[in-house]
>>> print(open('input_39.cif').read())   # mmCIF, C-alpha atoms and all ligand atoms
data_query
#
loop_
_atom_site.label_atom_id
_atom_site.label_comp_id
_atom_site.auth_asym_id
_atom_site.auth_seq_id
_atom_site.Cartn_x
_atom_site.Cartn_y
_atom_site.Cartn_z
CA MET A 802 7.81 19.56 24.34
CA SER A 803 9.83 17.64 21.72
CA ASP A 804 12.62 19.31 19.80
CA LEU A 805 12.53 18.30 16.14
CA SER A 806 14.88 21.06 14.95
CA ALA A 807 17.68 18.56 14.26
CA PHE A 808 15.56 17.26 11.34
CA PRO A 809 16.06 19.51 8.27
CA ILE A 810 12.58 18.58 6.98
CA THR A 811 11.10 20.76 9.75
CA ARG A 812 12.72 23.85 8.18
CA ARG A 813 10.54 23.53 5.10
CA TRP A 814 7.55 22.09 6.96
CA PRO A 815 7.68 23.52 10.52
CA ALA A 816 5.90 21.58 13.26
CA ARG A 817 3.19 23.63 14.92
CA HIS A 818 2.75 20.87 17.52
CA SER A 819 6.15 19.23 17.88
CA ASP A 820 4.77 16.65 20.31
CA ARG A 821 2.55 15.23 17.55
CA LEU A 822 3.49 12.81 14.81
CA GLN A 823 4.43 14.72 11.66
CA LEU A 824 3.12 13.37 8.34
CA TYR A 825 4.61 14.52 5.02
CA SER A 826 2.34 13.35 2.26
CA LEU A 827 -0.21 13.88 -0.50
CA ASN A 828 -3.47 12.00 -0.97
CA THR A 829 -2.20 9.53 -3.57
CA PRO A 830 -2.77 5.74 -3.14
CA ASN A 831 0.49 5.40 -1.19
CA GLY A 832 -0.05 8.61 0.76
CA VAL A 833 -3.57 7.78 1.95
CA LYS A 834 -2.45 4.52 3.50
CA VAL A 835 -0.86 6.49 6.31
CA SER A 836 -3.57 9.15 6.70
CA ILE A 837 -6.25 6.42 6.80
CA MET A 838 -4.20 4.52 9.39
CA LEU A 839 -3.75 7.63 11.54
CA GLU A 840 -7.47 8.41 11.32
CA GLU A 841 -8.32 4.81 12.26
CA ILE A 842 -6.04 4.63 15.31
CA GLY A 843 -6.73 8.16 16.55
CA LEU A 844 -3.09 9.09 17.15
CA PRO A 845 -2.71 12.89 17.18
CA TYR A 846 -0.79 14.05 14.10
CA GLU A 847 -0.01 17.03 11.96
CA ALA A 848 -0.27 16.64 8.18
CA HIS A 849 2.03 18.55 5.83
CA LEU A 850 1.32 18.78 2.13
CA VAL A 851 4.14 17.66 -0.18
CA ASP A 852 3.10 19.39 -3.38
CA PHE A 853 4.18 17.45 -6.50
CA GLY A 854 3.25 20.53 -8.57
CA LYS A 855 6.17 22.28 -6.87
CA ASP A 856 8.43 19.19 -6.90
CA ASP A 857 8.45 19.34 -3.09
CA GLN A 858 9.38 15.64 -2.96
CA LYS A 859 12.74 16.44 -4.61
CA ARG A 860 13.69 19.31 -2.30
CA PRO A 861 16.76 18.78 -0.11
CA GLU A 862 14.68 19.12 3.08
CA PHE A 863 12.40 16.26 1.98
CA LEU A 864 15.31 14.15 0.70
CA SER A 865 16.97 14.54 4.09
CA LEU A 866 14.19 12.34 5.48
CA ASN A 867 13.53 10.19 2.42
CA PRO A 868 16.48 9.98 -0.01
CA ASN A 869 14.11 8.10 -2.36
CA GLY A 870 12.12 11.31 -2.90
CA LYS A 871 8.66 9.80 -2.51
CA ILE A 872 5.73 10.26 -0.16
CA PRO A 873 4.59 9.25 2.43
CA ALA A 874 7.11 9.89 5.20
CA ILE A 875 6.71 10.50 8.92
CA LEU A 876 8.61 11.92 11.85
CA ASP A 877 7.39 10.59 15.18
CA PRO A 878 8.66 12.65 18.13
CA ASP A 879 7.80 9.71 20.39
CA GLY A 880 9.59 6.85 18.66
CA PRO A 881 11.28 3.80 20.23
CA GLY A 882 12.91 4.68 23.55
CA GLY A 883 11.00 7.97 23.54
CA LYS A 884 13.34 9.35 20.85
CA PRO A 885 12.21 10.84 17.52
CA LEU A 886 11.95 8.37 14.64
CA ALA A 887 11.94 9.32 10.95
CA LEU A 888 10.49 6.72 8.58
CA PHE A 889 9.64 6.34 4.89
CA GLU A 890 8.03 3.52 2.82
CA SER A 891 4.30 3.25 3.41
CA GLY A 892 4.42 -0.45 4.36
CA ALA A 893 7.08 0.16 7.00
CA ILE A 894 5.08 3.11 8.37
CA LEU A 895 1.84 1.07 8.58
CA LEU A 896 3.63 -1.69 10.41
CA TYR A 897 5.38 0.73 12.74
CA LEU A 898 2.11 2.47 13.69
CA ALA A 899 0.28 -0.85 14.15
CA VAL A 900 2.97 -2.25 16.44
CA LYS A 901 3.35 1.04 18.32
CA THR A 902 -0.35 1.25 19.14
CA GLY A 903 -1.22 -2.47 19.15
CA LYS A 904 -3.99 -1.72 16.65
CA LEU A 905 -4.93 -3.17 13.25
CA VAL A 906 -2.42 -6.00 13.33
CA PRO A 907 -3.04 -9.32 15.14
CA ALA A 908 -1.05 -9.97 18.34
CA ASP A 909 -0.72 -13.69 17.58
CA PRO A 910 2.66 -14.13 15.81
CA ALA A 911 1.43 -16.45 13.04
CA ARG A 912 -1.53 -14.18 12.24
CA ARG A 913 0.75 -11.16 12.39
CA TYR A 914 3.10 -12.65 9.78
CA GLU A 915 0.12 -13.58 7.62
CA THR A 916 -1.01 -9.94 7.77
CA ILE A 917 2.50 -8.77 6.83
CA GLN A 918 2.43 -11.25 3.94
CA TRP A 919 -0.69 -9.57 2.50
CA LEU A 920 0.78 -6.15 3.19
CA MET A 921 3.82 -7.17 1.12
CA PHE A 922 1.52 -8.54 -1.60
CA GLN A 923 0.19 -5.01 -1.94
CA MET A 924 3.63 -3.37 -1.71
CA GLY A 925 5.36 -5.65 -4.20
CA GLY A 926 2.45 -6.54 -6.51
CA ILE A 927 -0.70 -4.45 -6.47
CA GLY A 928 0.98 -1.04 -6.03
CA PRO A 929 3.69 -1.32 -8.70
CA MET A 930 1.52 -3.17 -11.25
CA PHE A 931 -1.60 -0.99 -10.89
CA GLY A 932 0.68 2.05 -11.10
CA GLN A 933 1.95 0.84 -14.48
CA VAL A 934 -1.63 0.36 -15.69
CA GLY A 935 -2.20 4.01 -14.75
CA PHE A 936 0.89 5.13 -16.63
CA PHE A 937 0.08 3.22 -19.83
CA ASN A 938 -3.67 3.81 -19.74
CA LYS A 939 -3.99 7.39 -18.57
CA PHE A 940 -0.66 9.20 -18.50
CA ALA A 941 2.37 9.53 -20.82
CA GLY A 942 2.38 5.83 -21.79
CA ARG A 943 -1.07 6.23 -23.35
CA ASP A 944 0.50 7.71 -26.48
CA TYR A 945 2.95 4.85 -27.00
CA GLU A 946 2.25 3.07 -30.27
CA ASP A 947 3.35 -0.30 -28.91
CA LYS A 948 0.43 -1.54 -26.78
CA ARG A 949 2.25 -4.60 -25.43
CA PRO A 950 3.37 -2.89 -22.18
CA LEU A 951 -0.24 -1.84 -21.47
CA GLN A 952 -1.46 -5.36 -22.23
CA ARG A 953 1.18 -6.87 -19.97
CA TYR A 954 0.30 -4.70 -16.98
CA VAL A 955 -3.46 -5.07 -17.51
CA ALA A 956 -3.03 -8.86 -17.56
CA GLU A 957 -0.96 -8.72 -14.39
CA ALA A 958 -3.49 -6.39 -12.69
CA LYS A 959 -6.29 -8.84 -13.58
CA ARG A 960 -4.26 -11.74 -12.21
CA LEU A 961 -3.63 -9.87 -8.94
CA LEU A 962 -7.31 -8.93 -8.64
CA GLY A 963 -8.09 -12.62 -9.07
CA VAL A 964 -5.74 -13.52 -6.22
CA LEU A 965 -7.35 -10.87 -4.00
CA ASP A 966 -10.83 -12.01 -5.03
CA GLY A 967 -9.97 -15.58 -4.05
CA ARG A 968 -8.63 -14.47 -0.69
CA LEU A 969 -11.80 -12.46 -0.01
CA ASP A 970 -14.12 -15.36 -0.81
CA GLY A 971 -16.23 -15.83 2.33
CA ARG A 972 -14.37 -13.06 4.19
CA ASP A 973 -15.21 -9.46 5.05
CA TRP A 974 -11.55 -8.44 5.19
CA ILE A 975 -8.19 -9.73 3.97
CA MET A 976 -7.56 -11.10 7.47
CA ASP A 977 -10.39 -12.06 9.84
CA ASP A 978 -10.53 -8.49 11.11
CA TYR A 979 -9.92 -5.21 9.32
CA SER A 980 -6.15 -4.62 9.34
CA ILE A 981 -3.21 -2.78 7.80
CA ALA A 982 -3.45 -5.22 4.86
CA ASP A 983 -6.86 -3.73 3.94
CA ILE A 984 -5.66 -0.17 4.55
CA ALA A 985 -2.70 -0.70 2.21
CA THR A 986 -4.85 -2.15 -0.57
CA LEU A 987 -8.13 -0.19 -0.54
CA GLY A 988 -6.73 3.05 -1.97
CA TRP A 989 -4.97 1.25 -4.82
CA VAL A 990 -8.04 -0.70 -5.93
CA ARG A 991 -10.15 2.46 -5.75
CA ASN A 992 -7.58 4.38 -7.77
CA LEU A 993 -7.40 1.69 -10.46
CA ILE A 994 -11.10 1.96 -11.27
CA THR A 995 -11.48 5.73 -10.75
CA PHE A 996 -8.43 7.94 -11.33
CA TYR A 997 -6.69 5.44 -13.68
CA GLU A 998 -9.99 4.85 -15.54
CA ALA A 999 -9.29 1.12 -15.87
CA ARG A 1000 -12.56 -0.36 -14.59
CA GLU A 1001 -13.59 -1.94 -17.91
CA LEU A 1002 -10.02 -2.59 -19.00
CA VAL A 1003 -9.37 -4.94 -16.07
CA GLY A 1004 -12.92 -6.35 -16.04
CA PHE A 1005 -13.38 -5.12 -12.49
CA ASP A 1006 -17.05 -6.07 -12.26
CA SER A 1007 -16.19 -9.76 -12.55
CA PHE A 1008 -14.29 -9.57 -9.23
CA ASN A 1009 -17.37 -9.49 -7.03
CA ASN A 1010 -15.65 -10.21 -3.71
CA VAL A 1011 -13.21 -7.34 -4.31
CA ALA A 1012 -16.02 -4.97 -5.30
CA VAL A 1013 -18.02 -5.73 -2.14
CA TRP A 1014 -14.88 -5.46 0.03
CA LEU A 1015 -14.00 -2.10 -1.55
CA ASP A 1016 -17.47 -0.71 -0.79
CA ARG A 1017 -17.23 -2.04 2.77
CA GLY A 1018 -13.87 -0.32 3.25
CA LEU A 1019 -14.94 2.95 1.67
CA ALA A 1020 -17.95 3.06 4.03
CA ARG A 1021 -15.62 3.50 7.01
CA PRO A 1022 -15.61 7.15 8.18
CA ALA A 1023 -11.84 7.04 8.90
CA VAL A 1024 -11.20 5.85 5.34
CA GLN A 1025 -13.30 8.67 3.93
CA ARG A 1026 -11.41 11.23 6.01
CA GLY A 1027 -8.00 9.73 5.27
CA LEU A 1028 -8.60 9.79 1.52
CA GLU A 1029 -8.66 13.61 1.64
CA ILE A 1030 -5.52 14.14 3.77
CA PRO A 1031 -3.49 16.08 2.87
CA SER A 1032 -5.65 17.34 0.06
CA ARG A 1033 -4.25 18.59 -3.21
CA PRO A 1034 -3.91 22.38 -3.48
N1 LIG B 1 7.25 2.12 -2.15
C1 LIG B 1 6.93 3.48 -1.82
C2 LIG B 1 6.35 4.15 -3.05
C3 LIG B 1 6.01 5.60 -2.79
C4 LIG B 1 5.56 6.30 -4.07
O1 LIG B 1 5.72 5.80 -5.19
N2 LIG B 1 4.98 7.50 -3.90
C5 LIG B 1 4.57 8.27 -5.04
C6 LIG B 1 3.14 8.75 -4.86
S1 LIG B 1 1.97 7.42 -4.82
C7 LIG B 1 5.46 9.51 -5.17
O2 LIG B 1 5.89 10.05 -4.17
N3 LIG B 1 5.72 9.96 -6.40
C8 LIG B 1 6.45 11.17 -6.63
C9 LIG B 1 7.61 10.99 -7.55
O3 LIG B 1 7.89 9.86 -7.96
O4 LIG B 1 8.24 12.01 -7.87
C10 LIG B 1 5.94 3.51 -0.66
O5 LIG B 1 5.09 2.62 -0.62
O6 LIG B 1 6.01 4.42 0.20
#
>>> encode(input="input_39.cif", output="structure tokens", more="lines below")
Ligand SMILES: N[C@@H](CCC(=O)N[C@@H](CS)C(=O)NCC(=O)O)C(=O)O
Amino acid sequence: MSDLSAFPITRRWPARHSDRLQLYSLNTPNGVKVSIMLEEIGLPYEAHLVDFGKDDQKRPEFLSLNPNGKIPAILDPDGPGGKPLALFESGAILLYLAVKTGKLVPADPARRYETIQWLMFQMGGIGPMFGQVGFFNKFAGRDYEDKRPLQRYVAEAKRLLGVLDGRLDGRDWIMDDYSIADIATLGWVRNLITFYEARELVGFDSFNNVAVWLDRGLARPAVQRGLEIPSRP
């Protein structure tokens, strides 16, 4: 039995099964990357809801694990050397879980770096830019009189979709096989055209390879399950 009591986050979110990986998250586009990954690889885990409605992500117990105050974060009782490992940043968590289990990342070093490259393309491009489209199209930024910020992020989102569409030309997945690069990206593309209501705005239907890839990804049972974990209250 692992002892996770040294981690203050377990005071607010106690582990019922301290031998299982602990996930602190919400089913946002960054959060679902990790729940989808965990569902895909079949590693036993316990999901804890970080409720934004209660500002849970700013509580001292959460900040003790992630000083950046954002989900997702994990605590793996069985980290490197058999010791517990706390980790935040969805890209780092995906990579950690892939390397730990030898799943969803190629073993060949060159292919592995290529996968990491596309993972970083999501982390540094698709996530931040699509998020700004959401802010200026659906949330507080919608009321701004100056529409140039919205136009800038829509143009950048279209450009990024074009890059992804080119990569997916003649391919089922971003790499040859389904990988952490797809897992990182699927939830963001889905969110852009659903929750952020930007389907027409970004001309999504002209990116046929992306549309077909998205449907292919969403058809995976593990993706469907992961998208709901942890569900909003
Ligand atoms: N780069 C971080 C971004 C995480 C992030 O922005 N999470 C959002 C949800 S998608 C969040 O926790 N927002 C809450 C807040 O900003 O207060 C990652 O990929 O893990």
>>> closest_residue(input="input_39.cif", among="A:Gly892, A:Gly967, A:Gly880, A:Pro845", to="ligand LIG 1 (chain B)", atoms="only C-alpha atoms and all ligand atoms")
A:Gly892
>>> residues_around(input="input_39.cif", residues="Asp978 (chain A)", least_positions_apart="4", cutoff="9 Å", atoms="only C-alpha atoms", output="JSON, numbers by chain")
{"A": [905, 906, 907, 973, 974]}
>>> residues_near_ligand(input="input_39.cif", ligand="ligand LIG 1 (chain B)", cutoff="10 Å", atoms="all atoms listed in the file", output="PyMOL selection string")
chain A and resi 826-835+851-854+856-859+867+869-874+888-895+923-925+928-929+932+985+989
>>> closest_residue(input="input_39.cif", among="A:Met930, A:Gly903, A:Glu840, A:Asn1009", to="Ile984 (chain A)", atoms="all atoms listed in the file")
A:Glu840
>>> atom_distance(input="input_39.cif", atom1="CA of Pro809 (chain A)", atom2="CA of Glu862 (chain A)")
5.4 Å
>>> closest_residue(input="input_39.cif", among="A:Val1003, A:Leu898, A:Leu886, A:Leu839", to="Gly963 (chain A)", atoms="all atoms listed in the file")
A:Val1003
>>> closest_residue(input="input_39.cif", among="A:Asp820, A:Val964, A:Asp944, A:Leu1002", to="Lys884 (chain A)", atoms="all atoms listed in the file")
A:Asp820
>>> atom_distance(input="input_39.cif", atom1="CA of Tyr914 (chain A)", atom2="CA of Val1011 (chain A)")
22.2 Å
>>> residues_around(input="input_39.cif", residues="Arg953 (chain A)", least_positions_apart="6", cutoff="12 Å", atoms="all atoms listed in the file", output="PyMOL selection string")
chain A and resi 930-931+933-934+937-938+947+959-960+1003
>>> atom_distance(input="input_39.cif", atom1="CA of Pro815 (chain A)", atom2="CA of Asp879 (chain A)")
17.0 Å
>>> residues_around(input="input_39.cif", residues="Glu998 (chain A)", least_positions_apart="5", cutoff="9 Å", atoms="only C-alpha atoms", output="PyMOL selection string")
chain A and resi 935+938-939+992-993
>>> closest_residue(input="input_39.cif", among="A:Phe808, A:Arg821, A:Glu841, A:Glu915", to="Phe863 (chain A)", atoms="all atoms listed in the file")
A:Phe808
>>> decode(input="input_39.cif", residues="region 925-954 of chain A", atoms="C-alpha atoms", output="PDB file, in the first residue's frame")
ATOM      1  CA  GLY A 925       2.359  25.547 -28.252  1.00  0.00           C
ATOM      2  CA  GLY A 926       0.019  26.244 -31.196  1.00  0.00           C
ATOM      3  CA  ILE A 927      -3.367  24.578 -31.345  1.00  0.00           C
ATOM      4  CA  GLY A 928      -4.179  24.763 -27.619  1.00  0.00           C
ATOM      5  CA  PRO A 929      -3.288  28.421 -26.953  1.00  0.00           C
ATOM      6  CA  MET A 930      -4.635  29.744 -30.279  1.00  0.00           C
ATOM      7  CA  PHE A 931      -7.925  27.806 -30.277  1.00  0.00           C
ATOM      8  CA  GLY A 932      -8.370  28.870 -26.650  1.00  0.00           C
ATOM      9  CA  GLN A 933      -8.151  32.519 -27.714  1.00  0.00           C
ATOM     10  CA  VAL A 934     -10.743  31.908 -30.438  1.00  0.00           C
ATOM     11  CA  GLY A 935     -13.011  30.573 -27.676  1.00  0.00           C
ATOM     12  CA  PHE A 936     -12.408  33.623 -25.508  1.00  0.00           C
ATOM     13  CA  PHE A 937     -13.065  36.167 -28.265  1.00  0.00           C
ATOM     14  CA  ASN A 938     -15.910  34.273 -29.931  1.00  0.00           C
ATOM     15  CA  LYS A 939     -17.870  32.859 -27.022  1.00  0.00           C
ATOM     16  CA  PHE A 940     -16.739  34.260 -23.687  1.00  0.00           C
ATOM     17  CA  ALA A 941     -15.857  37.708 -22.282  1.00  0.00           C
ATOM     18  CA  GLY A 942     -13.954  38.809 -25.406  1.00  0.00           C
ATOM     19  CA  ARG A 943     -17.139  38.511 -27.459  1.00  0.00           C
ATOM     20  CA  ASP A 944     -18.296  41.914 -26.186  1.00  0.00           C
ATOM     21  CA  TYR A 945     -15.090  43.718 -27.158  1.00  0.00           C
ATOM     22  CA  GLU A 946     -15.781  46.370 -29.764  1.00  0.00           C
ATOM     23  CA  ASP A 947     -12.404  45.921 -31.431  1.00  0.00           C
ATOM     24  CA  LYS A 948     -12.713  42.751 -33.527  1.00  0.00           C
ATOM     25  CA  ARG A 949      -9.046  42.625 -34.538  1.00  0.00           C
ATOM     26  CA  PRO A 950      -8.034  40.199 -31.744  1.00  0.00           C
ATOM     27  CA  LEU A 951     -10.810  37.794 -32.811  1.00  0.00           C
ATOM     28  CA  GLN A 952      -9.749  38.107 -36.452  1.00  0.00           C
ATOM     29  CA  ARG A 953      -6.121  37.480 -35.558  1.00  0.00           C
ATOM     30  CA  TYR A 954      -6.837  34.292 -33.617  1.00  0.00           C
TER      31      TYR A 954
END
